[in-house]
file final_20.cif (mmCIF, C-alpha atoms and all ligand atoms)
data_run
loop_
_atom_site.label_atom_id
_atom_site.label_comp_id
_atom_site.auth_asym_id
_atom_site.auth_seq_id
_atom_site.Cartn_x
_atom_site.Cartn_y
_atom_site.Cartn_z
CA MET A 1446 -15.90 6.20 -23.51
CA ASN A 1447 -15.09 9.08 -21.18
CA PRO A 1448 -12.31 11.12 -22.90
CA GLU A 1449 -10.02 10.97 -19.87
CA LEU A 1450 -10.29 7.18 -19.82
CA GLU A 1451 -9.69 7.05 -23.55
CA LYS A 1452 -6.54 9.10 -23.06
CA ALA A 1453 -5.41 6.79 -20.23
CA VAL A 1454 -5.87 3.71 -22.40
CA SER A 1455 -3.93 5.20 -25.29
CA ILE A 1456 -1.08 6.19 -22.95
CA LEU A 1457 -0.93 2.64 -21.59
CA ARG A 1458 -1.00 1.19 -25.14
CA ARG A 1459 1.98 3.29 -26.17
CA GLY A 1460 3.98 2.29 -23.10
CA GLY A 1461 3.32 5.31 -20.86
CA LEU A 1462 2.52 5.62 -17.17
CA VAL A 1463 -0.96 6.29 -15.79
CA VAL A 1464 -1.66 6.85 -12.11
CA PHE A 1465 -5.08 5.55 -11.11
CA PRO A 1466 -7.07 5.39 -7.87
CA THR A 1467 -7.81 2.09 -6.17
CA GLU A 1468 -9.77 1.56 -2.97
CA THR A 1469 -6.49 1.07 -1.07
CA VAL A 1470 -3.98 3.63 -2.40
CA TYR A 1471 -3.17 5.18 -5.79
CA GLY A 1472 -1.28 2.92 -8.22
CA LEU A 1473 1.45 3.83 -10.72
CA GLY A 1474 0.30 1.82 -13.72
CA ALA A 1475 1.90 0.47 -16.90
CA ASP A 1476 0.92 -2.18 -19.45
CA ALA A 1477 1.86 -5.43 -17.70
CA HIS A 1478 2.61 -7.06 -21.07
CA ASN A 1479 5.17 -4.39 -21.95
CA PRO A 1480 8.46 -4.89 -20.04
CA GLU A 1481 9.87 -1.56 -21.27
CA ALA A 1482 6.83 0.26 -19.88
CA VAL A 1483 7.10 -1.61 -16.58
CA LYS A 1484 10.77 -0.65 -16.31
CA LYS A 1485 9.69 3.01 -16.30
CA ILE A 1486 7.77 2.36 -13.08
CA PHE A 1487 11.00 1.35 -11.38
CA SER A 1488 12.91 4.41 -12.54
CA VAL A 1489 10.10 6.83 -11.61
CA LYS A 1490 9.82 5.32 -8.14
CA GLY A 1491 13.54 4.86 -7.69
CA ARG A 1492 12.79 1.27 -6.79
CA PRO A 1493 15.30 -1.59 -7.14
CA GLN A 1494 14.65 -3.94 -10.06
CA ALA A 1495 14.47 -7.07 -7.92
CA HIS A 1496 11.20 -5.99 -6.32
CA PRO A 1497 8.11 -7.58 -7.88
CA VAL A 1498 5.05 -5.51 -8.84
CA ILE A 1499 1.40 -6.48 -8.54
CA VAL A 1500 -0.58 -7.05 -11.74
CA HIS A 1501 -4.11 -5.64 -11.57
CA ILE A 1502 -6.78 -7.55 -13.46
CA SER A 1503 -10.51 -7.17 -14.02
CA THR A 1504 -11.80 -10.71 -14.63
CA LEU A 1505 -11.24 -14.08 -12.98
CA GLU A 1506 -10.33 -15.55 -16.37
CA GLN A 1507 -7.22 -13.34 -16.44
CA ILE A 1508 -5.77 -15.24 -13.45
CA GLU A 1509 -4.66 -18.06 -15.76
CA GLN A 1510 -2.85 -15.63 -18.08
CA TRP A 1511 -0.48 -14.78 -15.28
CA ALA A 1512 -0.48 -17.76 -12.92
CA CYS A 1513 -0.25 -21.55 -13.14
CA ALA A 1514 -1.07 -24.39 -10.74
CA VAL A 1515 -3.67 -22.10 -9.13
CA PRO A 1516 -4.96 -23.74 -5.94
CA GLU A 1517 -8.65 -23.91 -5.09
CA ALA A 1518 -8.01 -21.54 -2.17
CA ALA A 1519 -7.14 -18.78 -4.65
CA TYR A 1520 -10.55 -19.02 -6.29
CA GLN A 1521 -12.27 -19.16 -2.91
CA LEU A 1522 -10.54 -15.96 -1.84
CA ALA A 1523 -11.07 -14.26 -5.20
CA GLU A 1524 -14.77 -15.06 -5.15
CA ARG A 1525 -15.16 -13.84 -1.59
CA PHE A 1526 -12.96 -10.71 -1.64
CA TRP A 1527 -12.52 -9.57 -5.26
CA PRO A 1528 -12.89 -6.94 -6.38
CA GLY A 1529 -11.28 -5.70 -3.19
CA PRO A 1530 -8.17 -5.01 -1.12
CA LEU A 1531 -6.55 -8.44 -1.43
CA THR A 1532 -3.48 -9.50 -3.43
CA LEU A 1533 -2.86 -13.18 -4.19
CA VAL A 1534 0.68 -14.41 -4.75
CA LEU A 1535 0.60 -17.44 -7.05
CA ARG A 1536 3.03 -19.50 -9.13
CA ARG A 1537 3.72 -17.52 -12.26
CA ALA A 1538 2.69 -18.70 -15.70
CA ALA A 1539 5.31 -19.44 -18.35
CA GLY A 1540 6.33 -16.35 -20.26
CA VAL A 1541 5.60 -13.77 -17.56
CA SER A 1542 8.37 -11.18 -17.65
CA ASP A 1543 11.06 -11.13 -14.97
CA VAL A 1544 10.60 -7.38 -14.89
CA ILE A 1545 7.18 -7.92 -13.27
CA THR A 1546 8.15 -10.74 -10.94
CA GLY A 1547 11.56 -9.42 -9.96
CA GLY A 1548 12.93 -12.72 -11.28
CA GLN A 1549 10.91 -14.79 -8.82
CA ASN A 1550 8.72 -17.75 -9.75
CA THR A 1551 5.61 -16.08 -8.36
CA ILE A 1552 3.17 -13.36 -9.47
CA GLY A 1553 1.06 -11.01 -7.34
CA LEU A 1554 -2.49 -10.46 -8.67
CA ARG A 1555 -5.24 -8.14 -7.50
CA MET A 1556 -8.67 -7.08 -8.75
CA PRO A 1557 -9.26 -3.57 -7.37
CA ALA A 1558 -12.73 -2.34 -6.41
CA HIS A 1559 -12.49 1.39 -7.21
CA HIS A 1560 -14.84 2.19 -10.11
CA ILE A 1561 -12.18 4.16 -12.00
CA ALA A 1562 -9.66 1.32 -11.68
CA GLN A 1563 -12.31 -1.11 -12.90
CA ALA A 1564 -13.32 1.10 -15.82
CA LEU A 1565 -9.66 1.56 -16.82
CA LEU A 1566 -8.91 -2.17 -16.63
CA ALA A 1567 -12.03 -3.04 -18.59
CA ALA A 1568 -11.31 -0.46 -21.29
CA PHE A 1569 -7.64 -1.45 -21.52
CA GLY A 1570 -8.51 -5.14 -21.57
CA ASN A 1571 -5.16 -6.31 -20.21
CA GLY A 1572 -3.34 -6.51 -16.91
CA ILE A 1573 -1.92 -3.29 -15.46
CA ALA A 1574 1.25 -3.55 -13.40
CA ALA A 1575 1.10 -1.05 -10.55
CA PRO A 1576 2.90 -0.49 -7.28
CA SER A 1577 1.82 2.33 -4.99
CA ALA A 1578 2.40 5.69 -6.70
CA ASN A 1579 5.00 7.05 -4.27
CA ARG A 1580 8.74 7.34 -4.39
CA TYR A 1581 10.55 4.36 -2.95
CA GLY A 1582 10.40 4.23 0.86
CA HIS A 1583 7.86 7.01 1.22
CA ILE A 1584 4.20 6.97 2.31
CA SER A 1585 1.66 5.61 -0.19
CA PRO A 1586 -0.63 8.26 -1.73
CA THR A 1587 -4.34 8.25 -0.94
CA THR A 1588 -5.34 11.30 -3.01
CA ALA A 1589 -4.49 12.48 -6.52
CA GLN A 1590 -2.91 15.60 -4.97
CA HIS A 1591 -0.45 13.43 -3.03
CA VAL A 1592 0.70 11.89 -6.31
CA PHE A 1593 0.74 15.19 -8.13
CA ARG A 1594 3.08 16.70 -5.55
CA GLU A 1595 5.38 13.70 -5.43
CA LEU A 1596 5.51 12.37 -9.00
CA GLY A 1597 3.49 14.90 -11.01
CA ASP A 1598 6.20 15.70 -13.54
CA LYS A 1599 7.25 12.08 -14.03
CA VAL A 1600 4.00 10.43 -15.14
CA ASP A 1601 1.84 10.88 -18.24
CA LEU A 1602 -1.56 11.13 -16.55
CA ILE A 1603 -3.09 11.10 -13.07
CA LEU A 1604 -6.72 9.99 -12.84
CA ASP A 1605 -8.37 11.68 -9.87
CA GLY A 1606 -10.76 9.41 -7.99
CA GLY A 1607 -10.88 11.32 -4.71
CA SER A 1608 -9.70 9.91 -1.38
CA CYS A 1609 -9.12 6.17 -1.21
CA ALA A 1610 -11.80 4.46 0.87
CA VAL A 1611 -9.55 1.88 2.58
CA GLY A 1612 -6.42 4.01 2.81
CA ILE A 1613 -3.78 1.33 3.43
CA GLU A 1614 -2.33 -1.17 0.97
CA SER A 1615 -3.94 -4.52 0.20
CA THR A 1616 -3.56 -7.63 2.33
CA ILE A 1617 -1.10 -9.97 0.57
CA VAL A 1618 -1.47 -13.72 0.90
CA ASP A 1619 1.00 -16.17 -0.60
CA LEU A 1620 -0.62 -19.27 -2.06
CA SER A 1621 2.39 -20.41 -4.06
CA ALA A 1622 3.83 -22.76 -1.45
CA GLU A 1623 2.44 -25.72 0.48
CA HIS A 1624 0.86 -23.59 3.20
CA PRO A 1625 -0.88 -20.23 2.71
CA ALA A 1626 1.07 -17.39 4.31
CA LEU A 1627 0.33 -13.78 5.13
CA LEU A 1628 2.92 -11.53 3.48
CA ARG A 1629 1.38 -8.17 4.37
CA PRO A 1630 -1.51 -7.45 6.75
CA GLY A 1631 -4.27 -5.25 5.39
CA TRP A 1632 -7.93 -4.41 5.79
CA ILE A 1633 -8.94 -8.01 5.03
CA SER A 1634 -7.85 -9.83 8.16
CA VAL A 1635 -6.10 -13.16 8.69
CA GLN A 1636 -9.26 -14.35 10.43
CA GLN A 1637 -11.37 -13.60 7.35
CA LEU A 1638 -8.86 -15.32 5.08
CA SER A 1639 -8.61 -18.45 7.25
CA ALA A 1640 -12.38 -18.69 7.59
CA THR A 1641 -12.78 -18.53 3.81
CA ILE A 1642 -10.18 -21.15 2.89
CA LYS A 1643 -10.69 -23.19 6.06
CA GLN A 1644 -6.95 -23.32 6.63
CA ARG A 1645 -4.67 -21.61 9.05
CA LEU A 1646 -2.18 -19.13 7.62
CA VAL A 1647 1.46 -19.68 8.47
CA GLU A 1648 3.98 -16.97 9.29
CA ALA A 1649 5.67 -15.70 6.14
CA GLN A 1650 9.29 -16.65 5.72
CA VAL A 1651 10.72 -13.24 5.01
CA THR A 1652 13.18 -13.69 2.20
CA SER A 1653 13.87 -10.09 1.30
CA PRO A 1654 13.24 -8.60 -1.20
CA ARG A 1655 10.24 -10.85 -1.77
CA VAL A 1656 8.02 -8.36 -0.01
CA PRO A 1657 10.16 -5.29 0.53
CA GLY A 1658 7.49 -3.81 2.75
CA SER A 1659 7.83 -6.72 5.10
CA THR A 1660 11.23 -6.04 6.53
CA THR A 1661 11.95 -2.51 7.44
CA SER A 1662 11.40 1.20 7.20
CA HIS A 1663 8.72 1.52 4.60
CA TYR A 1664 5.69 3.74 4.41
CA ALA A 1665 7.83 6.36 6.15
CA PRO A 1666 7.48 10.14 6.41
CA ASP A 1667 10.67 12.21 6.18
CA THR A 1668 10.15 13.48 9.72
CA LYS A 1669 11.24 11.14 12.51
CA LEU A 1670 8.25 9.30 13.95
CA ALA A 1671 7.93 7.64 17.34
CA LEU A 1672 5.13 5.70 19.03
CA ILE A 1673 4.52 7.04 22.53
CA ASN A 1674 1.89 5.75 24.96
CA ALA A 1675 -1.01 8.09 25.74
CA GLU A 1676 0.09 8.57 29.38
CA GLN A 1677 3.53 9.79 28.33
CA LEU A 1678 2.58 11.67 25.20
CA THR A 1679 2.17 15.13 26.70
CA MET A 1680 5.26 14.77 28.87
CA VAL A 1681 7.47 13.63 25.97
CA ALA A 1682 6.11 16.32 23.66
CA ASP A 1683 6.67 19.00 26.32
CA LYS A 1684 10.20 17.83 26.94
CA LEU A 1685 11.05 17.97 23.23
CA VAL A 1686 9.47 21.40 22.87
CA GLY A 1687 11.50 22.48 25.93
CA GLU A 1688 14.62 21.40 24.02
CA GLY A 1689 13.63 23.71 21.19
CA LYS A 1690 12.18 21.00 18.97
CA LYS A 1691 9.07 21.38 16.82
CA VAL A 1692 6.67 18.55 17.61
CA ALA A 1693 3.47 17.24 16.02
CA VAL A 1694 1.23 14.66 17.67
CA LEU A 1695 -1.21 12.20 16.13
CA ALA A 1696 -3.40 11.03 18.99
CA ARG A 1697 -6.77 9.44 19.53
CA SER A 1698 -7.88 11.92 22.17
CA GLU A 1699 -8.12 15.71 22.38
CA PRO A 1700 -5.09 17.57 23.78
CA LEU A 1701 -5.01 18.86 27.33
CA LYS A 1702 -5.47 22.64 27.65
CA SER A 1703 -1.78 22.93 28.53
CA CYS A 1704 -0.80 21.53 25.10
CA ALA A 1705 -1.73 24.55 22.99
CA HIS A 1706 1.91 24.91 21.90
CA ILE A 1707 1.99 21.42 20.39
CA ILE A 1708 0.59 20.67 16.92
CA TRP A 1709 -2.04 18.13 17.84
CA ARG A 1710 -4.11 16.10 15.41
CA VAL A 1711 -6.92 13.81 16.56
CA ALA A 1712 -7.27 10.62 14.49
CA PRO A 1713 -10.62 8.85 14.03
CA GLN A 1714 -11.68 6.39 16.72
CA SER A 1715 -12.64 3.54 14.42
CA ALA A 1716 -9.99 1.36 12.76
CA ALA A 1717 -11.61 1.97 9.36
CA GLY A 1718 -11.55 5.73 9.83
CA TYR A 1719 -8.02 5.65 11.19
CA ALA A 1720 -6.76 3.61 8.21
CA ARG A 1721 -8.58 5.85 5.71
CA THR A 1722 -6.94 9.01 7.07
CA LEU A 1723 -3.58 7.64 8.26
CA TYR A 1724 -1.41 8.46 5.24
CA ALA A 1725 -3.04 11.84 4.61
CA ASN A 1726 -2.46 12.72 8.27
CA LEU A 1727 1.16 11.62 8.13
CA ARG A 1728 1.75 13.56 4.91
CA GLU A 1729 0.20 16.71 6.36
CA LEU A 1730 2.21 16.48 9.56
CA ASP A 1731 5.33 15.66 7.54
CA ALA A 1732 4.88 18.85 5.51
CA LEU A 1733 5.13 21.00 8.67
CA SER A 1734 8.90 20.44 8.94
CA CYS A 1735 8.75 19.26 12.52
CA ASP A 1736 11.59 17.52 14.30
CA TRP A 1737 9.29 14.77 15.52
CA ILE A 1738 5.89 13.25 14.85
CA LEU A 1739 4.70 11.47 17.99
CA VAL A 1740 1.94 8.93 17.47
CA GLU A 1741 -0.24 7.39 20.17
CA PRO A 1742 -0.24 3.61 19.55
CA PRO A 1743 -3.65 2.29 18.43
CA PRO A 1744 -5.63 -0.07 20.67
CA GLY A 1745 -5.50 -3.89 20.50
CA GLY A 1746 -7.69 -6.10 18.33
CA PRO A 1747 -7.36 -7.65 14.88
CA ASP A 1748 -8.92 -4.62 13.13
CA TRP A 1749 -5.87 -2.60 14.10
CA ASP A 1750 -3.18 -5.10 13.03
CA ALA A 1751 -2.51 -3.60 9.60
CA ILE A 1752 -2.45 -0.05 11.01
CA LYS A 1753 0.03 -1.09 13.70
CA ASP A 1754 2.14 -2.77 11.03
CA ARG A 1755 2.31 0.45 8.96
CA LEU A 1756 3.03 2.63 11.99
CA ALA A 1757 5.81 0.30 13.11
CA ARG A 1758 7.42 0.58 9.67
CA ALA A 1759 7.16 4.37 9.74
CA THR A 1760 8.99 4.53 13.07
CA VAL A 1761 12.62 5.54 13.33
CA GLY A 1762 15.09 2.81 14.06
CA CYS A 1763 13.06 0.02 12.51
CA GLY A 1764 15.77 -0.68 9.95
CA ASP A 1765 16.86 1.01 6.80
CA GLU A 1766 18.24 -1.24 4.14
CA ASP A 1767 15.02 -2.13 2.40
CA PHE A 1768 12.48 0.38 1.15
CA ASP A 1769 9.61 0.16 -1.28
O1 LIG B 1 -3.04 -1.99 -2.32
C1 LIG B 1 -2.07 -2.31 -3.01
O2 LIG B 1 -1.61 -3.46 -3.01
C2 LIG B 1 -1.47 -1.22 -3.90
C3 LIG B 1 -2.46 -0.86 -5.00
C4 LIG B 1 -1.90 0.14 -5.97
O3 LIG B 1 -2.92 -2.02 -5.63
N1 LIG B 1 -0.22 -1.67 -4.45
C5 LIG B 1 0.89 -1.81 -3.71
O4 LIG B 1 1.98 -2.16 -4.47
O5 LIG B 1 0.94 -1.62 -2.52
P1 LIG B 1 3.48 -2.12 -3.91
O6 LIG B 1 4.34 -2.55 -5.06
O7 LIG B 1 3.76 -0.80 -3.34
O8 LIG B 1 3.49 -3.24 -2.87
C6 LIG B 1 3.21 -4.52 -3.31
C7 LIG B 1 3.95 -5.52 -2.51
C8 LIG B 1 5.44 -5.32 -2.61
O9 LIG B 1 5.97 -5.36 -1.28
C9 LIG B 1 5.88 -6.49 -3.46
O10 LIG B 1 7.15 -6.96 -3.11
C10 LIG B 1 4.82 -7.52 -3.18
O11 LIG B 1 3.66 -6.78 -3.09
N2 LIG B 1 4.72 -8.45 -4.29
C11 LIG B 1 4.34 -8.20 -5.54
N3 LIG B 1 4.47 -9.30 -6.29
C12 LIG B 1 4.95 -10.26 -5.47
C13 LIG B 1 5.33 -11.60 -5.64
N4 LIG B 1 5.27 -12.18 -6.82
N5 LIG B 1 5.78 -12.29 -4.58
C14 LIG B 1 5.87 -11.68 -3.38
N6 LIG B 1 5.55 -10.42 -3.15
C15 LIG B 1 5.10 -9.72 -4.19
MG MG B 2 4.40 0.57 -1.97
#
call {"tool": "encode", "arguments": {"input": "final_20.cif", "output": "structure tokens"}}
result
Amino acid sequence: MNPELEKAVSILRRGGLVVFPTETVYGLGADAHNPEAVKKIFSVKGRPQAHPVIVHISTLEQIEQWACAVPEAAYQLAERFWPGPLTLVLRRAAGVSDVITGGQNTIGLRMPAHHIAQALLAAFGNGIAAPSANRYGHISPTTAQHVFRELGDKVDLILDGGSCAVGIESTIVDLSAEHPALLRPGWISVQQLSATIKQRLVEAQVTSPRVPGSTTSHYAPDTKLALINAEQLTMVADKLVGEGKKVAVLARSEPLKSCAHIIWRVAPQSAAGYARTLYANLRELDALSCDWILVEPPPGGPDWDAIKDRLARATVGCGDEDFD
């Protein structure tokens, strides 16, 4: 076994924390069978105890270790999209720790696609509990450097797997109730989910803190962020600069010549490219100590739903009592 992987496994076995790359974002991992280890995740993140964490697994057989009364739809989705950026919320099996489930009767399960995550899970042989490896309320990390800067001194090991290919967190679908429900949009769309299970998804009943990311300011930079339509972007930025403010823009088109005084970043045109670079862009702009980050809203279409969701949560004034 690769020595780094060997080290990661031994850290997990003795109850330590290992950050690992997934195709969505980096995860802050602990042995899911060790409640004391999982508790460390909460203190490192500064995350309230009532928030459930996803258990990452590497085989379909492991589903039954964590969940019971698993509906056929779960296997259909797992076969179609796992390993991949999809989390299934199922009824939890007897004996699963409240520390993992936040005291709820459900469990979130995901089989990640990143080769390092897969190798780690296979070598460890058990479930790994892992939320995104960021402090509570902040932007998820999509590179090892992001994690290093934010949590470097608080974890035992960071496995570097480069930039995450998807770049935004997994789609979460709840299959624990009568009707399947979307809890968090992600790269796998509602349309793909419905087509696979041949059922419509219902709107999630948001019973905070079931999915903390579903209610309010989440995925947020420290700098205030606002969504401003393309036609008004230059005018608003100019006005703020005129008031002595430092402004950064994340747009989908090049700046006008007159905008040389504004920090202007052009995001990729495709939804996939935009998602892949979104958090790195927000982190970089956040590090410039601006007064505002102005973001041009993405275009319409289902491919952009998850991106719009994350941008809306990063915006000022979208609420503040519930962070993840
Ligand atoms: O892409 C991802 O899902 C990443 C990578 C690391 O796998 N993980 C991630 O974890 O985003 P986290 O904890 O930052 O967000 C997971 C969301 C939380 O909002 C949590 O409340 C929800 O999943 N969740 C976990 N278990 C749940 C459960 N049993 N019922 C409802 N929601 C659950
Ligand atoms: Mg998170």
call {"tool": "closest_atom_pairs", "arguments": {"input": "final_20.cif", "of": "chain A", "to": "ligand LIG 1 (chain B)", "cutoff": "6 Å", "atoms": "only C-alpha atoms and all ligand atoms", "output": "JSON lines"}}
result
{"residue": "A:Thr1469", "atom": "CA", "partner": "B:LIG1", "partner_atom": "O1", "distance": 4.8}
{"residue": "A:Val1470", "atom": "CA", "partner": "B:LIG1", "partner_atom": "C3", "distance": 5.4}
{"residue": "A:Tyr1471", "atom": "CA", "partner": "B:LIG1", "partner_atom": "C4", "distance": 5.2}
{"residue": "A:Gly1472", "atom": "CA", "partner": "B:LIG1", "partner_atom": "C4", "distance": 3.6}
{"residue": "A:His1496", "atom": "CA", "partner": "B:LIG1", "partner_atom": "O10", "distance": 5.3}
{"residue": "A:Pro1497", "atom": "CA", "partner": "B:LIG1", "partner_atom": "N3", "distance": 4.3}
{"residue": "A:Val1498", "atom": "CA", "partner": "B:LIG1", "partner_atom": "C11", "distance": 4.3}
{"residue": "A:Ile1499", "atom": "CA", "partner": "B:LIG1", "partner_atom": "C11", "distance": 4.5}
{"residue": "A:Val1534", "atom": "CA", "partner": "B:LIG1", "partner_atom": "C13", "distance": 5.5}
{"residue": "A:Thr1546", "atom": "CA", "partner": "B:LIG1", "partner_atom": "N4", "distance": 5.2}
{"residue": "A:Thr1551", "atom": "CA", "partner": "B:LIG1", "partner_atom": "N4", "distance": 4.2}
{"residue": "A:Ile1552", "atom": "CA", "partner": "B:LIG1", "partner_atom": "N4", "distance": 3.6}
{"residue": "A:Gly1553", "atom": "CA", "partner": "B:LIG1", "partner_atom": "N3", "distance": 4.0}
{"residue": "A:Ala1575", "atom": "CA", "partner": "B:LIG1", "partner_atom": "C4", "distance": 5.6}
{"residue": "A:Pro1576", "atom": "CA", "partner": "B:LIG1", "partner_atom": "O6", "distance": 3.4}
{"residue": "A:Ser1577", "atom": "CA", "partner": "B:LIG1", "partner_atom": "O7", "distance": 4.0}
{"residue": "A:Glu1614", "atom": "CA", "partner": "B:LIG1", "partner_atom": "O1", "distance": 3.5}
{"residue": "A:Ser1615", "atom": "CA", "partner": "B:LIG1", "partner_atom": "O1", "distance": 3.7}
{"residue": "A:Arg1655", "atom": "CA", "partner": "B:LIG1", "partner_atom": "C14", "distance": 4.7}
{"residue": "A:Val1656", "atom": "CA", "partner": "B:LIG1", "partner_atom": "O10", "distance": 3.5}
{"residue": "A:Pro1657", "atom": "CA", "partner": "B:LIG1", "partner_atom": "O9", "distance": 4.6}
{"residue": "A:Gly1658", "atom": "CA", "partner": "B:LIG1", "partner_atom": "O9", "distance": 4.6}
call {"tool": "closest_residue", "arguments": {"input": "final_20.cif", "among": "A:Pro1747, A:Gly1607, A:Pro1700, A:Pro1742", "to": "Arg1721 (chain A)", "atoms": "only C-alpha atoms"}}
result
A:Gly1607
call {"tool": "atom_distance", "arguments": {"input": "final_20.cif", "atom1": "CA of Glu1451 (chain A)", "atom2": "CA of Phe1593 (chain A)"}}
result
20.3 Å
call {"tool": "closest_residue", "arguments": {"input": "final_20.cif", "among": "A:Val1711, A:Leu1672, A:Asp1748, A:Ala1453", "to": "Ala1567 (chain A)", "atoms": "all atoms listed in the file"}}
result
A:Ala1453
call {"tool": "closest_residue", "arguments": {"input": "final_20.cif", "among": "A:Arg1458, A:Arg1755, A:Arg1537, A:His1624", "to": "ligand MG 2 (chain B)", "atoms": "all atoms listed in the file"}}
result
A:Arg1755
call {"tool": "residues_around", "arguments": {"input": "final_20.cif", "residues": "Val1681 (chain A)", "least_positions_apart": "6", "cutoff": "12 Å", "atoms": "only C-alpha atoms", "output": "compact mmCIF listing (two decimals) with C-alpha atoms, keeping the file's coordinate frame"}}
result
# COMPACT_ATOMS: atom_id res chain seq x y z
CA ALA A 1671 7.93 7.64 17.34
CA LEU A 1672 5.13 5.70 19.03
CA ILE A 1673 4.52 7.04 22.53
CA ASN A 1674 1.89 5.75 24.96
CA ALA A 1675 -1.01 8.09 25.74
CA GLY A 1687 11.50 22.48 25.93
CA GLU A 1688 14.62 21.40 24.02
CA LYS A 1690 12.18 21.00 18.97
CA VAL A 1692 6.67 18.55 17.61
CA ALA A 1693 3.47 17.24 16.02
CA VAL A 1694 1.23 14.66 17.67
CA CYS A 1704 -0.80 21.53 25.10
CA ILE A 1707 1.99 21.42 20.39
CA TRP A 1737 9.29 14.77 15.52
CA ILE A 1738 5.89 13.25 14.85
CA LEU A 1739 4.70 11.47 17.99
CA VAL A 1740 1.94 8.93 17.47
CA GLU A 1741 -0.24 7.39 20.17
call {"tool": "closest_residue", "arguments": {"input": "final_20.cif", "among": "A:Ala1574, A:Val1515, A:Pro1557, A:His1501", "to": "Val1483 (chain A)", "atoms": "all atoms listed in the file"}}
result
A:Ala1574
call {"tool": "closest_residue", "arguments": {"input": "final_20.cif", "among": "A:Leu1670, A:Ala1539, A:Leu1462, A:Ile1708", "to": "Thr1760 (chain A)", "atoms": "all atoms listed in the file"}}
result
A:Leu1670
